[in-house]
Number of protein chains: 2
Amino acid sequence: MTLFDQSIDRRNKTPFYVQLANLLREAIESGEFKRGDSLPPERELESSFMVSRNTVRQAITVLENEGHVHRIRGSGTFVTQASPNPHIRIDAFIEHMGLLRLLGYEPSYKQLSNEIKNADVYLSEKLELKVGEKVFFRRGITFAGDQPAIYTEVYIGSSRTGGVEPAWDPTNKVFFDFLEKVVGDIVTSVDIDISPVVTEGELCAHFDKPECSPLLLLETTVIGLHDPKPISFGRNYYNPEIVKFSALRT
Amino acid sequence: MTLFDQSIDRRNKTPFYVQLANLLREAIESGEFKRGDSLPPERELESSFMVSRNTVRQAITVLENEGHVHRIRGSGTFVTQASPNPHIRIDAFIEHMGLLRLLGYEPSYKQLSNEIKNADVYLSEKLELKVGEKVFFRRGITFAGDQPAIYTEVYIGSSRTGGVEPAWDPTNKVFFDFLEKVVGDIVTSVDIDISPVVTEGELCAHFDKPECSPLLLLETTVIGLHDPKPISFGRNYYNPEIVKFSALRT
DNA sequence: GAGTGGTCTAGACCACGAG
DNA sequence: TCGTGGTCTAGACCACTCC
């Protein structure tokens, strides 16, 4: 089944450009187009798939943003890479359970505590609220099988929940869904600060590691749609033996 | 000078959508549109700036990819955030000297060595060449003022340079230009693996830190246009006190 | 129902790369 | 000079949100 044996399903509600991007991606991943090969020119795809050139360009843009291809004006569109590595794109919008499942693990979550705190100076800056204001705090460990993979601390300002204590429903495993329900807002973006840290104190026990083992810390600020104030601030410590992150510069 | 006081310069060779994106970005950064505000609807921008709606959409897509705005179908386009933090986007295409300059430091580079090695198994996989094949190796430290900021090791397969030893011209400070000249290829993308490590042995001396201090390691594989084989593989250790990375999930 | 962003078309001309 | 991707236009209809 090569690329041109297939076509766009015009009755399918999936946008044409998404369908075409999928076909092209499959052709790349199946090896029909190898690294360094050029893709068929846009005008050829246009006539072959009976769509407008803009639609073709939209499809190729999808692949470009994924890092599958790059375009050279005057020359063509070329297959970049496709190094299938067991790494998670650090800019991917994925929550912890799904992430570990993607890496082939059986994930589980163990809650360590769930309390009400008062915001200190650092937190008040991160969540844009007053020092001393009530914040809901939850922390826990996500396991990959029986290995501790991620230690998480999350803070949610009580003003964002209307003062209501967030009820974590264990049947609802998707953190962002939980967050959206709790604050009644839609998550639009997550700011991430990346830093390396070492295990010390409590962290050693959580990760069952000696002192001074490296961990990756991602500090996440979740931004919502309706209220410009951050929805939550969290610290996520990743066991580098289990969760490996990657990025791509193009 | 508000947004609608300005217009697109049609004699300017800068694409209209770039000009419009710049105007919108300035309006956001100047505070004319605050976080959570909605941008003017696309059809209003279309008529105000006398461009087609596609061009307006292209401009807004630029801002969206930068994380400045996000779109909600049926509602509008909203200013996300532009948390002005002194962090470097990890997916930004910037080399070390420019990066440190951006952070307000006076950068300098000190070469530690420049040698020819034979590829070990790990390198042979990364550079896609045979074990034992000749590789050029260079390592050094980039300083931020007088503080060590980045320790770098770079490997370039000798087959990619035609066997010629790369001559690092100290007047040419931009690494990618150097790389492109050396291998006669165009850099198209850089794969990055992100991991936390701790100082040990030689690294302690390079960074003037005690053992077990955290460092961020970015392993970079540089991909070129014409030859699908990687151009270079490098290890970059960042002092987290000086270089802070961020990412954005949208 | 009115207004918003999302998709799509069928053209056009320009800028660049390579032969 | 020719083929490529880059930009741009002026429409059209759909899907969704909000009133």
# chains A, B, ... in the order shown; residues from 1 in each chain; ligands from 1
call {"tool": "closest_atom_pairs", "arguments": {"of": "chain D", "to": "chain A", "cutoff": "9 Å", "atoms": "only C-alpha atoms (C1' of nucleotides)", "output": "CSV"}}
result
residue,atom,partner,partner_atom,distance
D:DG3,C1',A:Gly74,CA,7.5
D:DT4,C1',A:Gly74,CA,4.1
D:DG5,C1',A:Arg73,CA,4.3
D:DG6,C1',A:Arg73,CA,7.4
call {"tool": "residues_around", "arguments": {"residues": "Lys134 (chain A)", "least_positions_apart": "5", "cutoff": "10 Å", "atoms": "only C-alpha atoms (C1' of nucleotides)", "output": "JSON list (two decimals) with C-alpha atoms, in the first residue's frame"}}
result
[["chain", "number", "residue", "atom", "x", "y", "z"],
["A", 116, "ILE", "CA", -4.39, 23.03, 52.96],
["A", 117, "LYS", "CA", -1.42, 25.36, 53.27],
["A", 118, "ASN", "CA", -0.76, 29.03, 53.29],
["A", 119, "ALA", "CA", 1.08, 30.49, 50.33],
["A", 120, "ASP", "CA", 4.67, 31.50, 50.97],
["A", 129, "LEU", "CA", -2.02, 35.50, 44.95],
["A", 155, "TYR", "CA", -0.66, 23.72, 44.46],
["A", 156, "ILE", "CA", -4.03, 25.21, 43.55],
["A", 157, "GLY", "CA", -5.04, 28.60, 44.87],
["A", 158, "SER", "CA", -8.26, 28.40, 46.87],
["A", 159, "SER", "CA", -9.52, 31.53, 45.14],
["A", 163, "GLY", "CA", -12.72, 28.10, 48.19]]
call {"tool": "select_by_dssp", "arguments": {"residues": "region 16-244 of chain A", "states": "strand (DSSP E)", "output": "PDB file with C-alpha atoms, in the first residue's frame"}}
result
ATOM      1  CA  VAL A  69      10.146  16.911   7.258  1.00  0.00           C
ATOM      2  CA  HIS A  70      11.645  20.253   6.432  1.00  0.00           C
ATOM      3  CA  ARG A  71      11.176  22.462   3.403  1.00  0.00           C
ATOM      4  CA  ILE A  72      13.804  24.122   1.266  1.00  0.00           C
ATOM      5  CA  GLY A  76      11.705  20.572  -2.220  1.00  0.00           C
ATOM      6  CA  THR A  77      10.427  19.005   0.958  1.00  0.00           C
ATOM      7  CA  PHE A  78      12.700  16.459   2.566  1.00  0.00           C
ATOM      8  CA  VAL A  79      12.333  13.755   5.165  1.00  0.00           C
ATOM      9  CA  ILE A  88       8.990  11.894  25.446  1.00  0.00           C
ATOM     10  CA  ARG A  89       8.868  15.255  23.718  1.00  0.00           C
ATOM     11  CA  PRO A 107       1.340   3.106  35.818  1.00  0.00           C
ATOM     12  CA  SER A 108      -0.202   3.642  39.210  1.00  0.00           C
ATOM     13  CA  TYR A 109      -0.531   6.611  41.516  1.00  0.00           C
ATOM     14  CA  LYS A 110      -0.046   6.729  45.248  1.00  0.00           C
ATOM     15  CA  GLN A 111      -1.182   9.801  47.083  1.00  0.00           C
ATOM     16  CA  LEU A 112       1.108  10.938  49.877  1.00  0.00           C
ATOM     17  CA  SER A 113      -0.902  13.806  51.250  1.00  0.00           C
ATOM     18  CA  ASN A 114      -3.659  16.251  50.576  1.00  0.00           C
ATOM     19  CA  GLU A 115      -3.703  19.360  52.709  1.00  0.00           C
ATOM     20  CA  ILE A 116      -4.393  23.035  52.962  1.00  0.00           C
ATOM     21  CA  LYS A 117      -1.420  25.361  53.267  1.00  0.00           C
ATOM     22  CA  ASN A 118      -0.757  29.032  53.285  1.00  0.00           C
ATOM     23  CA  LYS A 134      -5.060  29.445  51.344  1.00  0.00           C
ATOM     24  CA  VAL A 135      -3.767  26.955  48.782  1.00  0.00           C
ATOM     25  CA  PHE A 136      -4.684  23.330  48.271  1.00  0.00           C
ATOM     26  CA  PHE A 137      -1.694  21.057  48.185  1.00  0.00           C
ATOM     27  CA  ARG A 138      -1.470  17.525  46.950  1.00  0.00           C
ATOM     28  CA  ARG A 139       1.542  15.329  46.506  1.00  0.00           C
ATOM     29  CA  GLY A 140       2.108  11.801  45.419  1.00  0.00           C
ATOM     30  CA  ILE A 141       4.171   9.359  43.484  1.00  0.00           C
ATOM     31  CA  THR A 142       3.445   7.871  40.107  1.00  0.00           C
ATOM     32  CA  PHE A 143       4.875   4.398  39.761  1.00  0.00           C
ATOM     33  CA  ALA A 144       6.007   2.618  36.623  1.00  0.00           C
ATOM     34  CA  GLN A 147       9.423   1.567  40.418  1.00  0.00           C
ATOM     35  CA  PRO A 148       8.897   5.150  41.559  1.00  0.00           C
ATOM     36  CA  ALA A 149       8.957   7.263  38.416  1.00  0.00           C
ATOM     37  CA  ILE A 150       7.588  10.698  39.228  1.00  0.00           C
ATOM     38  CA  TYR A 151       7.169  12.592  42.479  1.00  0.00           C
ATOM     39  CA  THR A 152       4.595  15.342  42.173  1.00  0.00           C
ATOM     40  CA  GLU A 153       3.576  18.346  44.219  1.00  0.00           C
ATOM     41  CA  VAL A 154       0.646  20.459  43.078  1.00  0.00           C
ATOM     42  CA  TYR A 155      -0.662  23.719  44.458  1.00  0.00           C
ATOM     43  CA  ILE A 156      -4.027  25.210  43.553  1.00  0.00           C
ATOM     44  CA  GLY A 157      -5.040  28.604  44.870  1.00  0.00           C
ATOM     45  CA  VAL A 187      -6.440  24.570  30.357  1.00  0.00           C
ATOM     46  CA  THR A 188      -4.783  26.376  27.477  1.00  0.00           C
ATOM     47  CA  SER A 189      -1.074  26.150  28.106  1.00  0.00           C
ATOM     48  CA  VAL A 190       1.555  24.962  30.515  1.00  0.00           C
ATOM     49  CA  ASP A 191       4.755  26.872  31.204  1.00  0.00           C
ATOM     50  CA  ILE A 192       7.637  24.631  32.166  1.00  0.00           C
ATOM     51  CA  ASP A 193      10.889  25.498  33.849  1.00  0.00           C
ATOM     52  CA  ILE A 194      13.476  22.777  33.465  1.00  0.00           C
ATOM     53  CA  SER A 195      16.213  22.131  35.961  1.00  0.00           C
ATOM     54  CA  PRO A 196      18.415  19.311  37.158  1.00  0.00           C
ATOM     55  CA  VAL A 197      18.391  18.520  40.853  1.00  0.00           C
ATOM     56  CA  VAL A 198      19.781  15.842  43.122  1.00  0.00           C
ATOM     57  CA  PRO A 214      20.226  13.105  39.540  1.00  0.00           C
ATOM     58  CA  LEU A 215      16.568  13.937  38.952  1.00  0.00           C
ATOM     59  CA  LEU A 216      14.906  16.140  36.413  1.00  0.00           C
ATOM     60  CA  LEU A 217      12.654  18.790  37.908  1.00  0.00           C
ATOM     61  CA  LEU A 218       9.925  20.330  35.765  1.00  0.00           C
ATOM     62  CA  GLU A 219       8.121  23.189  37.427  1.00  0.00           C
ATOM     63  CA  THR A 220       4.806  23.626  35.687  1.00  0.00           C
ATOM     64  CA  THR A 221       2.483  26.589  35.709  1.00  0.00           C
ATOM     65  CA  VAL A 222      -0.910  25.809  34.242  1.00  0.00           C
ATOM     66  CA  ILE A 223      -2.662  28.668  32.493  1.00  0.00           C
ATOM     67  CA  GLY A 224      -6.380  28.697  31.835  1.00  0.00           C
ATOM     68  CA  SER A 232      -1.946  25.610  39.439  1.00  0.00           C
ATOM     69  CA  PHE A 233       1.720  25.391  40.106  1.00  0.00           C
ATOM     70  CA  GLY A 234       3.476  22.077  40.393  1.00  0.00           C
ATOM     71  CA  ARG A 235       6.831  20.481  40.886  1.00  0.00           C
ATOM     72  CA  ASN A 236       7.419  17.239  39.065  1.00  0.00           C
ATOM     73  CA  TYR A 237      10.549  15.231  39.767  1.00  0.00           C
ATOM     74  CA  TYR A 238      11.310  12.591  37.162  1.00  0.00           C
TER      75      TYR A 238
END
call {"tool": "residues_around", "arguments": {"residues": "Ala27 (chain A)", "least_positions_apart": "5", "cutoff": "12 Å", "atoms": "only C-alpha atoms (C1' of nucleotides)", "output": "JSON, numbers by chain"}}
result
{"A": [1, 2, 3, 4, 5, 6, 20, 21, 22, 32, 33, 34, 35, 37, 39, 40, 63, 68, 79, 82]}
call {"tool": "write_last_selection", "arguments": {"atoms": "N, CA and C atoms", "output": "mmCIF file, in the first residue's frame"}}
result
data_model
loop_
_atom_site.group_PDB
_atom_site.id
_atom_site.type_symbol
_atom_site.label_atom_id
_atom_site.label_comp_id
_atom_site.auth_asym_id
_atom_site.auth_seq_id
_atom_site.Cartn_x
_atom_site.Cartn_y
_atom_site.Cartn_z
ATOM 1 N N MET A 1 0.861 -1.201 0.000
ATOM 2 C CA MET A 1 0.000 0.000 0.000
ATOM 3 C C MET A 1 0.885 1.235 0.000
ATOM 4 N N THR A 2 1.123 1.792 -1.151
ATOM 5 C CA THR A 2 1.969 2.980 -1.191
ATOM 6 C C THR A 2 1.114 4.240 -1.124
ATOM 7 N N LEU A 3 1.787 5.352 -1.040
ATOM 8 C CA LEU A 3 1.103 6.624 -0.815
ATOM 9 C C LEU A 3 -0.001 6.877 -1.840
ATOM 10 N N PHE A 4 0.358 6.722 -3.103
ATOM 11 C CA PHE A 4 -0.600 7.139 -4.138
ATOM 12 C C PHE A 4 -1.696 6.114 -4.389
ATOM 13 N N ASP A 5 -1.602 4.969 -3.714
ATOM 14 C CA ASP A 5 -2.700 4.007 -3.792
ATOM 15 C C ASP A 5 -3.867 4.449 -2.927
ATOM 16 N N GLN A 6 -3.607 5.424 -2.073
ATOM 17 C CA GLN A 6 -4.640 5.816 -1.124
ATOM 18 C C GLN A 6 -5.237 7.161 -1.520
ATOM 19 N N LEU A 20 -4.419 13.810 4.902
ATOM 20 C CA LEU A 20 -3.245 13.786 4.032
ATOM 21 C C LEU A 20 -1.958 13.712 4.865
ATOM 22 N N ALA A 21 -1.937 14.452 5.969
ATOM 23 C CA ALA A 21 -0.760 14.399 6.842
ATOM 24 C C ALA A 21 -0.569 12.974 7.355
ATOM 25 N N ASN A 22 -1.659 12.307 7.694
ATOM 26 C CA ASN A 22 -1.550 10.930 8.188
ATOM 27 C C ASN A 22 -0.989 10.011 7.109
ATOM 28 N N GLU A 32 8.651 4.191 2.897
ATOM 29 C CA GLU A 32 8.451 4.526 1.480
ATOM 30 C C GLU A 32 9.257 5.771 1.122
ATOM 31 N N PHE A 33 9.316 6.716 2.077
ATOM 32 C CA PHE A 33 10.221 7.844 1.916
ATOM 33 C C PHE A 33 11.247 7.766 3.030
ATOM 34 N N LYS A 34 12.494 7.645 2.667
ATOM 35 C CA LYS A 34 13.537 7.499 3.667
ATOM 36 C C LYS A 34 14.148 8.845 4.010
ATOM 37 N N ARG A 35 14.908 8.833 5.070
ATOM 38 C CA ARG A 35 15.533 10.053 5.530
ATOM 39 C C ARG A 35 16.366 10.660 4.412
ATOM 40 N N ASP A 37 15.199 11.656 1.595
ATOM 41 C CA ASP A 37 14.383 11.649 0.377
ATOM 42 C C ASP A 37 13.554 12.917 0.292
ATOM 43 N N LEU A 39 9.922 14.544 -0.622
ATOM 44 C CA LEU A 39 8.509 14.218 -0.780
ATOM 45 C C LEU A 39 8.078 14.654 -2.176
ATOM 46 N N PRO A 40 6.965 14.125 -2.676
ATOM 47 C CA PRO A 40 6.461 14.634 -3.952
ATOM 48 C C PRO A 40 6.193 16.127 -3.816
ATOM 49 N N LEU A 63 3.456 17.941 9.427
ATOM 50 C CA LEU A 63 4.634 17.075 9.502
ATOM 51 C C LEU A 63 5.885 17.876 9.856
ATOM 52 N N HIS A 68 9.097 15.810 11.200
ATOM 53 C CA HIS A 68 9.274 14.728 10.230
ATOM 54 C C HIS A 68 9.924 15.199 8.932
ATOM 55 N N VAL A 79 12.540 14.501 3.927
ATOM 56 C CA VAL A 79 12.333 13.755 5.165
ATOM 57 C C VAL A 79 13.516 14.012 6.078
ATOM 58 N N ALA A 82 13.586 10.309 11.645
ATOM 59 C CA ALA A 82 12.457 9.558 12.153
ATOM 60 C C ALA A 82 13.064 8.655 13.188
#
call {"tool": "select_by_dssp", "arguments": {"residues": "region 13-174 of chain A", "states": "helix (DSSP H, G or I)", "output": "ChimeraX atom specification"}}
result
/A:16-29,42-49,53-66,96-102,121-127
call {"tool": "atom_distance", "arguments": {"atom1": "CA of Lys181 (chain B)", "atom2": "CA of Ile60 (chain A)"}}
result
29.0 Å
call {"tool": "closest_atom_pairs", "arguments": {"of": "chain C", "to": "chain A", "cutoff": "7 Å", "atoms": "only C-alpha atoms (C1' of nucleotides)", "output": "tab-separated table"}}
result
residue	atom	partner	partner_atom	distance
C:DT9	C1'	A:Ser52	CA	6.1
C:DC16	C1'	A:Gly74	CA	4.9
C:DG17	C1'	A:Gly74	CA	4.7
call {"tool": "write_last_selection", "arguments": {"atoms": "C-alpha atoms (C1' of nucleotides)", "output": "compact mmCIF listing (two decimals), in the first residue's frame"}}
result
# COMPACT_ATOMS: atom_id res chain seq x y z
C1' DT C 9 -10.95 26.25 -3.15
C1' DC C 16 15.14 30.70 -4.76
C1' DG C 17 17.91 26.45 -6.39
call {"tool": "closest_residue", "arguments": {"among": "A:Phe49, A:Phe207, A:Phe245, A:Tyr122", "to": "chain B", "atoms": "only C-alpha atoms"}}
result
A:Phe245
call {"tool": "closest_residue", "arguments": {"among": "B:Glu95, B:Glu66, B:Glu44, B:Asp227", "to": "chain A", "atoms": "only C-alpha atoms"}}
result
B:Asp227
call {"tool": "atom_distance", "arguments": {"atom1": "CA of Lys130 (chain B)", "atom2": "CA of Leu225 (chain B)"}}
result
21.3 Å
call {"tool": "closest_residue", "arguments": {"among": "B:Ser38, B:Thr161, B:Ser124, B:Ser30", "to": "chain A", "atoms": "only C-alpha atoms"}}
result
B:Ser38
call {"tool": "residues_around", "arguments": {"residues": "Gly104 (chain B)", "least_positions_apart": "4", "cutoff": "10 Å", "atoms": "only C-alpha atoms (C1' of nucleotides)", "output": "ChimeraX atom specification"}}
result
/B:86,98-100,144-145
call {"tool": "closest_residue", "arguments": {"among": "C:DG11, C:DG19, C:DG1, C:DG6", "to": "DC8 (chain D)", "atoms": "only C-alpha atoms (C1' of nucleotides)"}}
result
C:DG11
